[in-house]
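Report on the structure given below.
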Amino acid sequence: MNETLHVARRNPKLLIGLSVVLGFLLLGLLGPLFVDHGPNQYVGPQSEPPSAQYWLGTTTFGQDVWAQFVYGIRSTFLIGVLGGGVAFAIGTAVGFLAGYRGGIVDEILTMLTNVVLVLPALVVLIVAVAYLDARGLVVQAVFIGLTTWPWAARAVRAQTLSLATREYVDLARLSGRRTWRVIITEIAPNMSSYLVMSFILLFGGAVLTAAGLDFIGLGPTDGVSLGLMLENAVAWSALQLGLWWWFVPPGAAITAVVGSMYILNVGLDEVFNPKLREL
Amino acid sequence: MLELSHVHKVYRVGAFGGGRLRAVRDVGLTVEPGEVVSLIGESGSGKSTLGRMVLGLTRPTSGRIAFEGADVTAIKGFRAKKEYHRKVQGVFQDPFSSFNPIFKAERVLSMIRSSYFPGVSDADWRDRVTDSLRTVRLDPDAVLGKYPHQLSGGQLQRLLIARALLLDIRLLVADEVISMLDASTRIDVLNLLADLKERGLGILFVTHDLSLGTYVSDTTVILRKGAVAEKGPTRAVFADPRHPYSRHLLSCVPRLHRTWAEVDADLDRERPDPVVPPAPADEDGPVPMTEVGEGHFVGADQG
Amino acid sequence: MSLRVNGLKVHYRTLRGDVQALDGVTFSLGDGEIMGLVGESGCGKSTLGKSLIRLDHRMHHIAGSIELNGRDVPIGDDAAMVPLRYHEISLIPQYAMSALNPTRRIGRMIDELLRSRGVRPADRADELRRRLELVGLGTDVLRRFPIELSGGMKQRVVMVVSTLLDPSLLIADEVTSALDVSTQRSVAESLVEFRDRGHVGSMVFVTHDVALVHQFADTIMVMYAGHVAEKGPAADVVSDPRHPYTQMLLSALPEAGEDTGERLRGIPGTPPGLLDPPTGCRFRDRCPMAFDKCAERPPLVETAPGHWSACWKTEGH
């Protein structure tokens, strides 16, 4: 354990990824506290470039871009945690159960996984989201979670299959332990690095999917997100009008958060997997 | 105490269980208190599958496994299984894989406590642990507080036997428990099994090694391709093997004081009345056993 | 004498220091001699086997020399070893076939191997067929994939391939350990047959199973914690062991079909760590006969013709 920490502290990928993600997280958590008006309120002059009063300028309608930005980051993390979390919960539960139980349970769950896997997720999302009248962030996140879990389930199942044949798993079963306890205490800890990395990838995937949905106009009907900012900027010709401060910050933030998540993932991989350390 | 009759195990393999793999075929055997029964077989003989079925880790496809009169395969539910494992425990082949590498080795003992003896006080528990460690001749200071990789294979196997002894077990399934240990320490673990037997424990000793089987067991069951080739009192089986397969095995096992050529010559000279075991009728059917001596049976010839 | 090993020291470099896996090993092999190299895990038997053909990157040649048929074997110099490997000294590794490419047919793999060693496969094709038949395999194995062969068949294929150039020395590292007893016997008998026909010169058979090597080896060498404890004719080592370790080891082995009803006894204690091993005889902490002098390392002395033992209590000291 100490050795892992020691290696972790020296891994630049892990450190860079982690600090960028944490930086944005802090910005999303604390930023809105210092904004005394709502993100969609018309507070200032129209189409003003960044200034001391409006750090990231204003939109065509006089909304404060900085306010939208920090609230948007907050919703981005919410989408990531919730969407990634739902997918992670379903994926690991299905994967553990299928891999550990085997037999008919495995066959049914694997079939279900494969069916969801081959569904054109984006199309389903578009159809489902379009049918909902009031679309909130939470609904969007849950929908994303419900469609992106299969690959995590498959990965967890494969790992569980190999771990479940270890003799200490048999021994735990002989020690009067219930199935879920065997899974949580014997199997899961031995693939913890794997689980952490799955969550990170699901998080990044959820953020990107949400941004895509927002951008094509299927984002939350109330509230604000980085994807919605991009959509509005494009809809009101910010590109053509040269209002760069309207679309560059949200675009850059999405790229930075997801990108550093992936870098973090590679870093973690190196820390957990001693074979990769020397490369 | 333990009685297996007509136990079959067929695994379904391939997509949707299209293929069938026969692991165990019409096996019958008994283990009495204070008796060591060796289950001897080469790889693929179904010996480990039988051990797992007795432990309730795998279900037989058909047949009956009775422990103290009750059918083990009929045990349903978590509680009943847990009670069964209070009396029947197992130790496995690979000591290093029997311990979860991220926890200290003694966790195998504390798991027993939290599952079976939640009410026992710390002091009382410590005494019980010390007691059972002493039975397996382990120094508590040398093993408690250590991680599995800090202990030797022999120490780990003994710790696992100590774990089983914390419960009031009547039957121990020892699945290749010493095949990964060095020669100078494996005999100690074997002797330990003999001690337990003297305390009235029944032991099902699963092994591929005929010499270890000879040393420790009262009864020997030789398995081939999932079915019993020959079974009987260890002395009778080794002194007078009747099934062609048992004779072949005995002619191949390397011995310290006799060469292969000498054994071949002996077996040729003392060829007993040839037992021509009947070939079994069909794949799923029973395997006929022929009695050739008191308690000494020869199974079918599977070619 | 075909092989002469003199004072060989090989250490493993680790982060915590040097593990003295081989600490002054001396022995020799006659022409056509099959030597069983036995000992428990960590005694250095596998290290010795590997040292005779290739040191891996963690192993370092510290001292000592190896001579094969009068010529020096430069084990410390990887490049200089290349022409010797396979041609003069060959190895049957423990899990040879499981490491091979499952998508290649056996015949093609053999051809590739021969070519990589500078041999034209066509030159040895007839010999290859003859030898496959000798070990009871038809030539059709060449057209099969590794997965289609059983463990014993694979081990025999590897045996044929690794001796195809008639090496002077063959090292077999635990080649039968994963096999069932009946296959074990036929593989062992094939090895002897190869030696009898001159397909290999001498042979070092590394194993933990004394009873097995006793069946077919000419001599047995027992190692303990990086030292040679005893070497002698197989029958003598088994029936009249000189070193206390050998004596105790042999008396701890149960025998198939011989139920005397007596309890056998193991050897109390564990072998010393080789990171910082004790001086003198390395068995002395577990040895019931140990006395003051054992603090000094006992030399390997010949106590009977061809029978060597390293113990102060053995006759001759």
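As shown in the structure tokens, the chain order sets the letters A, B, ...; within each chain, residues go from 1, and ligands are also counted from 1 in the order they appear.
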
### Message
I'd like the neighbourhood of segment 140-145 of chain B as a list in words, where a residue qualifies if any of its atoms comes within 9 Å (using only C-alpha atoms), though same-chain residues fewer than 2 positions away should be ignored.
### Response
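Listing them by chain and then by number gives Lys104, Ala105, Glu106, Val129, Thr130, Leu133, Arg134, Leu138, Tyr147, Gln150, Leu151, Gln155, Leu156 and Leu159 of chain B.
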
Could the residues in this selection be saved with C-alpha atoms as a short mmCIF file (atom, residue, chain, number, x, y, z; two decimals), in the first residue's frame?
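What ended up in again_5.cif:
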```
data_model
loop_
_atom_site.label_atom_id
_atom_site.label_comp_id
_atom_site.auth_asym_id
_atom_site.auth_seq_id
_atom_site.Cartn_x
_atom_site.Cartn_y
_atom_site.Cartn_z
CA LYS B 104 -3.49 -10.75 6.77
CA ALA B 105 -3.38 -14.53 6.92
CA GLU B 106 -5.24 -14.78 10.21
CA VAL B 129 -7.11 -19.91 18.33
CA THR B 130 -4.01 -20.73 20.37
CA LEU B 133 -2.76 -23.53 16.30
CA ARG B 134 -1.04 -25.73 18.83
CA LEU B 138 2.15 -23.71 14.66
CA TYR B 147 0.55 -11.52 5.42
CA GLN B 150 5.40 -13.83 4.52
CA LEU B 151 4.57 -17.43 5.43
CA GLN B 155 2.58 -22.91 7.49
CA LEU B 156 -0.32 -21.71 5.37
CA LEU B 159 -3.19 -22.52 9.31
#
```

Each chain C residue no farther than 9 Å from chain B, nearest pair in Å, only C-alpha atoms, as a Markdown table:
```
| residue | atom | partner | partner_atom | distance |
| --- | --- | --- | --- | --- |
| C:Gly39 | CA | B:Ala183 | CA | 8.9 |
| C:Glu40 | CA | B:Asp182 | CA | 5.8 |
| C:Ser41 | CA | B:Asp182 | CA | 6.8 |
| C:Leu179 | CA | B:Ser43 | CA | 8.5 |
| C:Asp180 | CA | B:Glu42 | CA | 5.8 |
| C:Val181 | CA | B:Val253 | CA | 5.8 |
| C:Ser182 | CA | B:Cys252 | CA | 5.3 |
| C:Thr183 | CA | B:Cys252 | CA | 8.4 |
| C:Gln184 | CA | B:Cys252 | CA | 7.8 |
| C:Arg185 | CA | B:Cys252 | CA | 5.8 |
| C:Ser186 | CA | B:Cys252 | CA | 8.6 |
| C:His208 | CA | B:Ala183 | CA | 8.0 |
| C:Asp209 | CA | B:Ala183 | CA | 8.4 |
| C:Val210 | CA | B:Leu256 | CA | 7.4 |
| C:Ala211 | CA | B:Leu256 | CA | 4.6 |
| C:Leu212 | CA | B:Pro254 | CA | 4.9 |
| C:Val213 | CA | B:Pro254 | CA | 8.3 |
| C:His214 | CA | B:Leu256 | CA | 6.7 |
| C:Gln215 | CA | B:Thr259 | CA | 5.6 |
| C:Phe216 | CA | B:Thr259 | CA | 8.5 |
| C:Ala235 | CA | B:His257 | CA | 8.9 |
| C:Val238 | CA | B:Leu256 | CA | 7.1 |
| C:Ser239 | CA | B:His257 | CA | 7.8 |
| C:Met248 | CA | B:Ser184 | CA | 7.9 |
| C:Leu249 | CA | B:Ser184 | CA | 5.8 |
| C:Leu250 | CA | B:Leu256 | CA | 8.4 |
| C:Ala252 | CA | B:Ser184 | CA | 6.1 |
| C:Leu253 | CA | B:Ala183 | CA | 6.9 |
| C:Pro254 | CA | B:Ser211 | CA | 5.7 |
| C:Glu255 | CA | B:Ser211 | CA | 4.7 |
| C:Ala256 | CA | B:Ser211 | CA | 3.6 |
| C:Gly257 | CA | B:Phe238 | CA | 5.0 |
| C:Glu258 | CA | B:Thr214 | CA | 7.1 |
| C:Asp259 | CA | B:Tyr215 | CA | 6.2 |
| C:Thr260 | CA | B:Tyr215 | CA | 8.6 |
| C:Gly261 | CA | B:Tyr215 | CA | 8.0 |
| C:Arg263 | CA | B:Asn191 | CA | 7.3 |
| C:Leu264 | CA | B:Ile187 | CA | 6.9 |
| C:Arg265 | CA | B:Ile187 | CA | 6.5 |
| C:Gly266 | CA | B:Ser184 | CA | 4.9 |
| C:Ile267 | CA | B:Ser184 | CA | 5.2 |
| C:Pro268 | CA | B:Thr185 | CA | 7.7 |
| C:Gly269 | CA | B:Thr185 | CA | 8.7 |
| C:Thr270 | CA | B:Thr185 | CA | 8.6 |
```

Residue subset to file, keeping C-alpha atoms, as a PDB file, in the first residue's frame:
```
ATOM      1  CA  GLY C  39      16.391 -30.513  -3.936  1.00  0.00           C
ATOM      2  CA  GLU C  40      13.545 -28.522  -2.491  1.00  0.00           C
ATOM      3  CA  SER C  41      12.210 -25.253  -3.821  1.00  0.00           C
ATOM      4  CA  LEU C 179       2.448 -34.925 -16.066  1.00  0.00           C
ATOM      5  CA  ASP C 180       0.433 -37.865 -14.800  1.00  0.00           C
ATOM      6  CA  VAL C 181       2.452 -40.803 -13.461  1.00  0.00           C
ATOM      7  CA  SER C 182       1.918 -43.033 -16.473  1.00  0.00           C
ATOM      8  CA  THR C 183       3.066 -40.328 -18.894  1.00  0.00           C
ATOM      9  CA  GLN C 184       5.929 -39.477 -16.581  1.00  0.00           C
ATOM     10  CA  ARG C 185       7.350 -42.952 -16.918  1.00  0.00           C
ATOM     11  CA  SER C 186       7.224 -43.025 -20.698  1.00  0.00           C
ATOM     12  CA  HIS C 208      12.096 -32.353  -6.798  1.00  0.00           C
ATOM     13  CA  ASP C 209      11.212 -36.042  -7.026  1.00  0.00           C
ATOM     14  CA  VAL C 210      14.038 -38.296  -5.812  1.00  0.00           C
ATOM     15  CA  ALA C 211      12.011 -41.456  -6.360  1.00  0.00           C
ATOM     16  CA  LEU C 212      11.552 -40.547 -10.005  1.00  0.00           C
ATOM     17  CA  VAL C 213      15.213 -39.860 -10.852  1.00  0.00           C
ATOM     18  CA  HIS C 214      16.270 -42.916  -8.943  1.00  0.00           C
ATOM     19  CA  GLN C 215      14.374 -44.924 -11.574  1.00  0.00           C
ATOM     20  CA  PHE C 216      16.498 -43.873 -14.516  1.00  0.00           C
ATOM     21  CA  ALA C 235      21.512 -46.414  -6.191  1.00  0.00           C
ATOM     22  CA  VAL C 238      19.277 -43.685  -2.195  1.00  0.00           C
ATOM     23  CA  SER C 239      20.414 -46.787  -0.321  1.00  0.00           C
ATOM     24  CA  MET C 248      16.484 -37.002   6.467  1.00  0.00           C
ATOM     25  CA  LEU C 249      14.960 -36.121   3.123  1.00  0.00           C
ATOM     26  CA  LEU C 250      14.792 -39.737   2.032  1.00  0.00           C
ATOM     27  CA  ALA C 252      10.555 -38.349   4.955  1.00  0.00           C
ATOM     28  CA  LEU C 253       9.287 -39.932   1.743  1.00  0.00           C
ATOM     29  CA  PRO C 254       6.358 -42.307   1.900  1.00  0.00           C
ATOM     30  CA  GLU C 255       6.398 -45.136  -0.606  1.00  0.00           C
ATOM     31  CA  ALA C 256       3.519 -46.398  -2.697  1.00  0.00           C
ATOM     32  CA  GLY C 257       2.250 -49.767  -1.533  1.00  0.00           C
ATOM     33  CA  GLU C 258       4.607 -50.024   1.429  1.00  0.00           C
ATOM     34  CA  ASP C 259       2.553 -49.479   4.510  1.00  0.00           C
ATOM     35  CA  THR C 260       4.781 -50.267   7.459  1.00  0.00           C
ATOM     36  CA  GLY C 261       2.461 -48.473   9.821  1.00  0.00           C
ATOM     37  CA  ARG C 263       5.281 -42.656  11.225  1.00  0.00           C
ATOM     38  CA  LEU C 264       7.763 -40.885   8.990  1.00  0.00           C
ATOM     39  CA  ARG C 265       9.343 -37.659  10.158  1.00  0.00           C
ATOM     40  CA  GLY C 266       9.892 -34.412   8.289  1.00  0.00           C
ATOM     41  CA  ILE C 267      12.830 -32.092   8.731  1.00  0.00           C
ATOM     42  CA  PRO C 268      12.056 -29.434  11.339  1.00  0.00           C
ATOM     43  CA  GLY C 269      12.720 -25.831  10.420  1.00  0.00           C
ATOM     44  CA  THR C 270      13.076 -24.094   7.092  1.00  0.00           C
TER      45      THR C 270
END
```

### Message
Please identify all residues of chain B having at least one atom at most 9 Å from any atom of chain A, considering only C-alpha atoms, and return them as a VMD selection string.
### Response
chain B and resid 12 15 to 17 55 to 57 78 to 79 81 to 83 85 to 86 88 to 102 108 111 to 112 115 to 116

#### Entry: Residue contacts of segment 1-11 of chain B (9 Å, only C-alpha atoms) excluding same-chain residues fewer than 3 positions away, as a PyMOL selection string
chain B and resi 17+19-33+46+49-50+54+59-69+170-171+202+226+284+286-287

Keeping only N, CA and C atoms, write those residues as a compact mmCIF listing (two decimals), in the first residue's frame.
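As a result, out23.txt now contains:
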```txt
# COMPACT_ATOMS: atom_id res chain seq x y z
N GLY B 17 -25.11 -24.50 -23.22
CA GLY B 17 -25.00 -25.86 -22.71
C GLY B 17 -25.21 -26.93 -23.76
N GLY B 19 -22.94 -28.75 -25.38
CA GLY B 19 -22.09 -29.92 -25.21
C GLY B 19 -22.20 -30.47 -23.80
N ARG B 20 -21.75 -31.71 -23.62
CA ARG B 20 -21.77 -32.30 -22.28
C ARG B 20 -20.40 -32.82 -21.94
N LEU B 21 -20.00 -32.57 -20.73
CA LEU B 21 -18.70 -33.06 -20.29
C LEU B 21 -18.95 -33.88 -19.03
N ARG B 22 -18.63 -35.17 -19.11
CA ARG B 22 -18.90 -36.03 -17.96
C ARG B 22 -17.72 -36.00 -17.02
N ALA B 23 -17.94 -35.47 -15.82
CA ALA B 23 -16.83 -35.35 -14.87
C ALA B 23 -16.83 -36.49 -13.87
N VAL B 24 -18.01 -36.90 -13.43
CA VAL B 24 -18.11 -37.96 -12.43
C VAL B 24 -19.20 -38.91 -12.88
N ARG B 25 -18.95 -40.19 -12.71
CA ARG B 25 -19.88 -41.17 -13.23
C ARG B 25 -20.14 -42.29 -12.24
N ASP B 26 -21.33 -42.32 -11.72
CA ASP B 26 -21.82 -43.39 -10.86
C ASP B 26 -20.82 -43.76 -9.75
N VAL B 27 -20.43 -42.77 -8.98
CA VAL B 27 -19.46 -43.03 -7.92
C VAL B 27 -20.18 -43.31 -6.61
N GLY B 28 -19.75 -44.34 -5.93
CA GLY B 28 -20.27 -44.63 -4.61
C GLY B 28 -19.10 -44.86 -3.66
N LEU B 29 -19.14 -44.26 -2.48
CA LEU B 29 -18.10 -44.52 -1.48
C LEU B 29 -18.60 -44.06 -0.13
N THR B 30 -17.93 -44.52 0.94
CA THR B 30 -18.32 -44.06 2.27
C THR B 30 -17.10 -43.64 3.05
N VAL B 31 -17.30 -42.70 3.96
CA VAL B 31 -16.24 -42.31 4.89
C VAL B 31 -16.83 -42.41 6.29
N GLU B 32 -16.16 -43.18 7.15
CA GLU B 32 -16.63 -43.33 8.52
C GLU B 32 -15.82 -42.42 9.44
N PRO B 33 -16.32 -42.14 10.63
CA PRO B 33 -15.52 -41.36 11.58
C PRO B 33 -14.20 -42.07 11.85
N GLY B 46 -11.89 -36.62 -12.15
CA GLY B 46 -13.09 -36.20 -11.44
C GLY B 46 -12.91 -36.17 -9.94
N THR B 49 -13.70 -32.71 -8.42
CA THR B 49 -15.13 -32.44 -8.53
C THR B 49 -15.89 -33.15 -7.42
N LEU B 50 -15.48 -34.39 -7.13
CA LEU B 50 -16.14 -35.13 -6.05
C LEU B 50 -15.95 -34.41 -4.71
N VAL B 54 -18.89 -32.85 -2.23
CA VAL B 54 -19.06 -33.18 -0.82
C VAL B 54 -19.10 -31.90 0.00
N ARG B 59 -23.03 -28.90 -7.27
CA ARG B 59 -24.14 -29.82 -7.11
C ARG B 59 -23.97 -31.02 -8.02
N PRO B 60 -24.22 -32.22 -7.54
CA PRO B 60 -24.18 -33.36 -8.46
C PRO B 60 -25.36 -33.29 -9.44
N THR B 61 -25.19 -33.87 -10.61
CA THR B 61 -26.28 -33.89 -11.58
C THR B 61 -27.35 -34.87 -11.11
N SER B 62 -26.90 -36.02 -10.60
CA SER B 62 -27.86 -36.93 -9.98
C SER B 62 -27.12 -37.76 -8.95
N GLY B 63 -27.88 -38.51 -8.15
CA GLY B 63 -27.25 -39.31 -7.11
C GLY B 63 -27.43 -38.68 -5.76
N ARG B 64 -26.94 -39.39 -4.74
CA ARG B 64 -27.19 -38.95 -3.38
C ARG B 64 -25.87 -38.83 -2.63
N ILE B 65 -25.70 -37.71 -1.94
CA ILE B 65 -24.56 -37.55 -1.04
C ILE B 65 -25.15 -37.35 0.34
N ALA B 66 -25.00 -38.35 1.20
CA ALA B 66 -25.63 -38.24 2.51
C ALA B 66 -24.56 -38.03 3.57
N PHE B 67 -24.81 -37.06 4.44
CA PHE B 67 -23.92 -36.84 5.57
C PHE B 67 -24.72 -37.05 6.84
N GLU B 68 -24.31 -38.00 7.66
CA GLU B 68 -25.03 -38.37 8.87
C GLU B 68 -26.51 -38.57 8.57
N GLY B 69 -26.75 -39.26 7.47
CA GLY B 69 -28.11 -39.64 7.14
C GLY B 69 -28.90 -38.63 6.32
N ARG B 170 -16.56 -32.81 11.65
CA ARG B 170 -16.55 -34.28 11.68
C ARG B 170 -15.86 -34.82 10.43
N LEU B 171 -15.89 -34.00 9.35
CA LEU B 171 -15.34 -34.48 8.09
C LEU B 171 -14.48 -33.38 7.47
N GLY B 202 -13.34 -37.92 10.15
CA GLY B 202 -13.30 -38.60 8.86
C GLY B 202 -12.60 -37.69 7.87
N GLY B 226 -13.67 -40.32 -14.25
CA GLY B 226 -14.88 -40.02 -13.50
C GLY B 226 -15.51 -41.20 -12.80
N ASP B 284 -24.62 -42.86 -19.68
CA ASP B 284 -25.20 -42.33 -18.46
C ASP B 284 -25.56 -43.41 -17.46
N PRO B 286 -25.37 -47.00 -15.06
CA PRO B 286 -24.56 -47.37 -13.89
C PRO B 286 -23.28 -48.06 -14.31
N VAL B 287 -22.28 -47.99 -13.44
CA VAL B 287 -21.02 -48.69 -13.67
C VAL B 287 -21.01 -49.91 -12.76
```

### Task
as a PyMOL selection string, list the residues of segment 56-278 of chain B assigned to helix (DSSP H, G or I) by DSSP on the backbone atoms of this structure.
chain B and resi 72-74+78-87+107-116+122-135+140-143+148-150+153-166+183-198+210-216+234-239+244-252+260-269

### Task
Report as JSON, numbers by chain: the residues of segment 153-194 of chain C with a DSSP assignment of strand (DSSP E), based on the backbone of this structure.
{"C": [169, 170, 171, 172, 173]}

Quick one: write out the picked residues with N, CA and C atoms as a PDB file, in the first residue's frame?
```pdb
ATOM      1  N   LEU C 169      25.111 -31.710 -24.172  1.00  0.00           N
ATOM      2  CA  LEU C 169      24.525 -31.608 -22.834  1.00  0.00           C
ATOM      3  C   LEU C 169      23.071 -31.192 -22.969  1.00  0.00           C
ATOM      4  N   LEU C 170      22.197 -31.920 -22.290  1.00  0.00           N
ATOM      5  CA  LEU C 170      20.778 -31.571 -22.299  1.00  0.00           C
ATOM      6  C   LEU C 170      20.351 -31.275 -20.871  1.00  0.00           C
ATOM      7  N   ILE C 171      19.644 -30.153 -20.713  1.00  0.00           N
ATOM      8  CA  ILE C 171      19.125 -29.818 -19.383  1.00  0.00           C
ATOM      9  C   ILE C 171      17.613 -29.954 -19.422  1.00  0.00           C
ATOM     10  N   ALA C 172      17.073 -30.795 -18.576  1.00  0.00           N
ATOM     11  CA  ALA C 172      15.631 -31.000 -18.517  1.00  0.00           C
ATOM     12  C   ALA C 172      15.138 -30.448 -17.190  1.00  0.00           C
ATOM     13  N   ASP C 173      14.368 -29.371 -17.239  1.00  0.00           N
ATOM     14  CA  ASP C 173      13.971 -28.682 -16.010  1.00  0.00           C
ATOM     15  C   ASP C 173      12.547 -29.060 -15.614  1.00  0.00           C
TER      16      ASP C 173
END
```

### Message
Need the shell around Gly107 of chain C: protein/DNA/RNA residues with any atom at most 8 Å away, counting only C-alpha atoms. Skip same-chain ones fewer than 2 positions apart. Format as a VMD selection string?
### Response
chain C and resid 105 109 to 111 141 to 144

Print the selection's residues with C-alpha atoms to a file, as a PDB file, in the first residue's frame.
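Produced file selection04.pdb, reproduced below:
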```
ATOM      1  CA  ARG C 105       1.287 -25.878 -36.586  1.00  0.00           C
ATOM      2  CA  MET C 109       7.276 -23.925 -35.477  1.00  0.00           C
ATOM      3  CA  ILE C 110      10.046 -26.502 -35.657  1.00  0.00           C
ATOM      4  CA  ASP C 111      11.144 -25.236 -39.070  1.00  0.00           C
ATOM      5  CA  VAL C 141       1.911 -34.421 -35.143  1.00  0.00           C
ATOM      6  CA  LEU C 142       3.824 -32.016 -37.373  1.00  0.00           C
ATOM      7  CA  ARG C 143       0.575 -31.002 -39.008  1.00  0.00           C
ATOM      8  CA  ARG C 144      -1.225 -30.458 -35.726  1.00  0.00           C
TER       9      ARG C 144
END
```

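For the pair atom CA of Leu37 of chain C and atom CA of Val206 of chain C, the interatomic distance is 4.7 Å.
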
### Distance query Leu117 of chain A at most 8 Å, only C-alpha atoms, self and fewer than 6 positions along chain excluded, as a count of residues only
4

Long-range neighbours of Pro305 of chain C as a short mmCIF file (atom, residue, chain, number, x, y, z; two decimals) with C-alpha atoms, in the first residue's frame, 12 Å cut-off, only C-alpha atoms, 5 positions minimum in chain:
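Dumped everything to around01.cif:
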```cif
data_model
loop_
_atom_site.label_atom_id
_atom_site.label_comp_id
_atom_site.auth_asym_id
_atom_site.auth_seq_id
_atom_site.Cartn_x
_atom_site.Cartn_y
_atom_site.Cartn_z
CA LYS C 231 26.60 -36.45 -5.35
CA GLY C 232 26.94 -40.10 -6.13
CA PRO C 233 25.67 -43.11 -8.07
CA ASP C 236 24.14 -45.49 -3.56
#
```

### Query
Quick one: distance from atom CA of Gly136 of chain C to atom CA of Met159 of chain C in Å, one decimal?
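That distance, rounded to one decimal, is 12.2 Å.
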
### Message
Rounded to one decimal, what separation in Å do you get between atom CA of Ser47 of chain A and atom CA of Phe77 of chain A?
### Response
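Separation between atom CA of Ser47 of chain A and atom CA of Phe77 of chain A: 27.8 Å.
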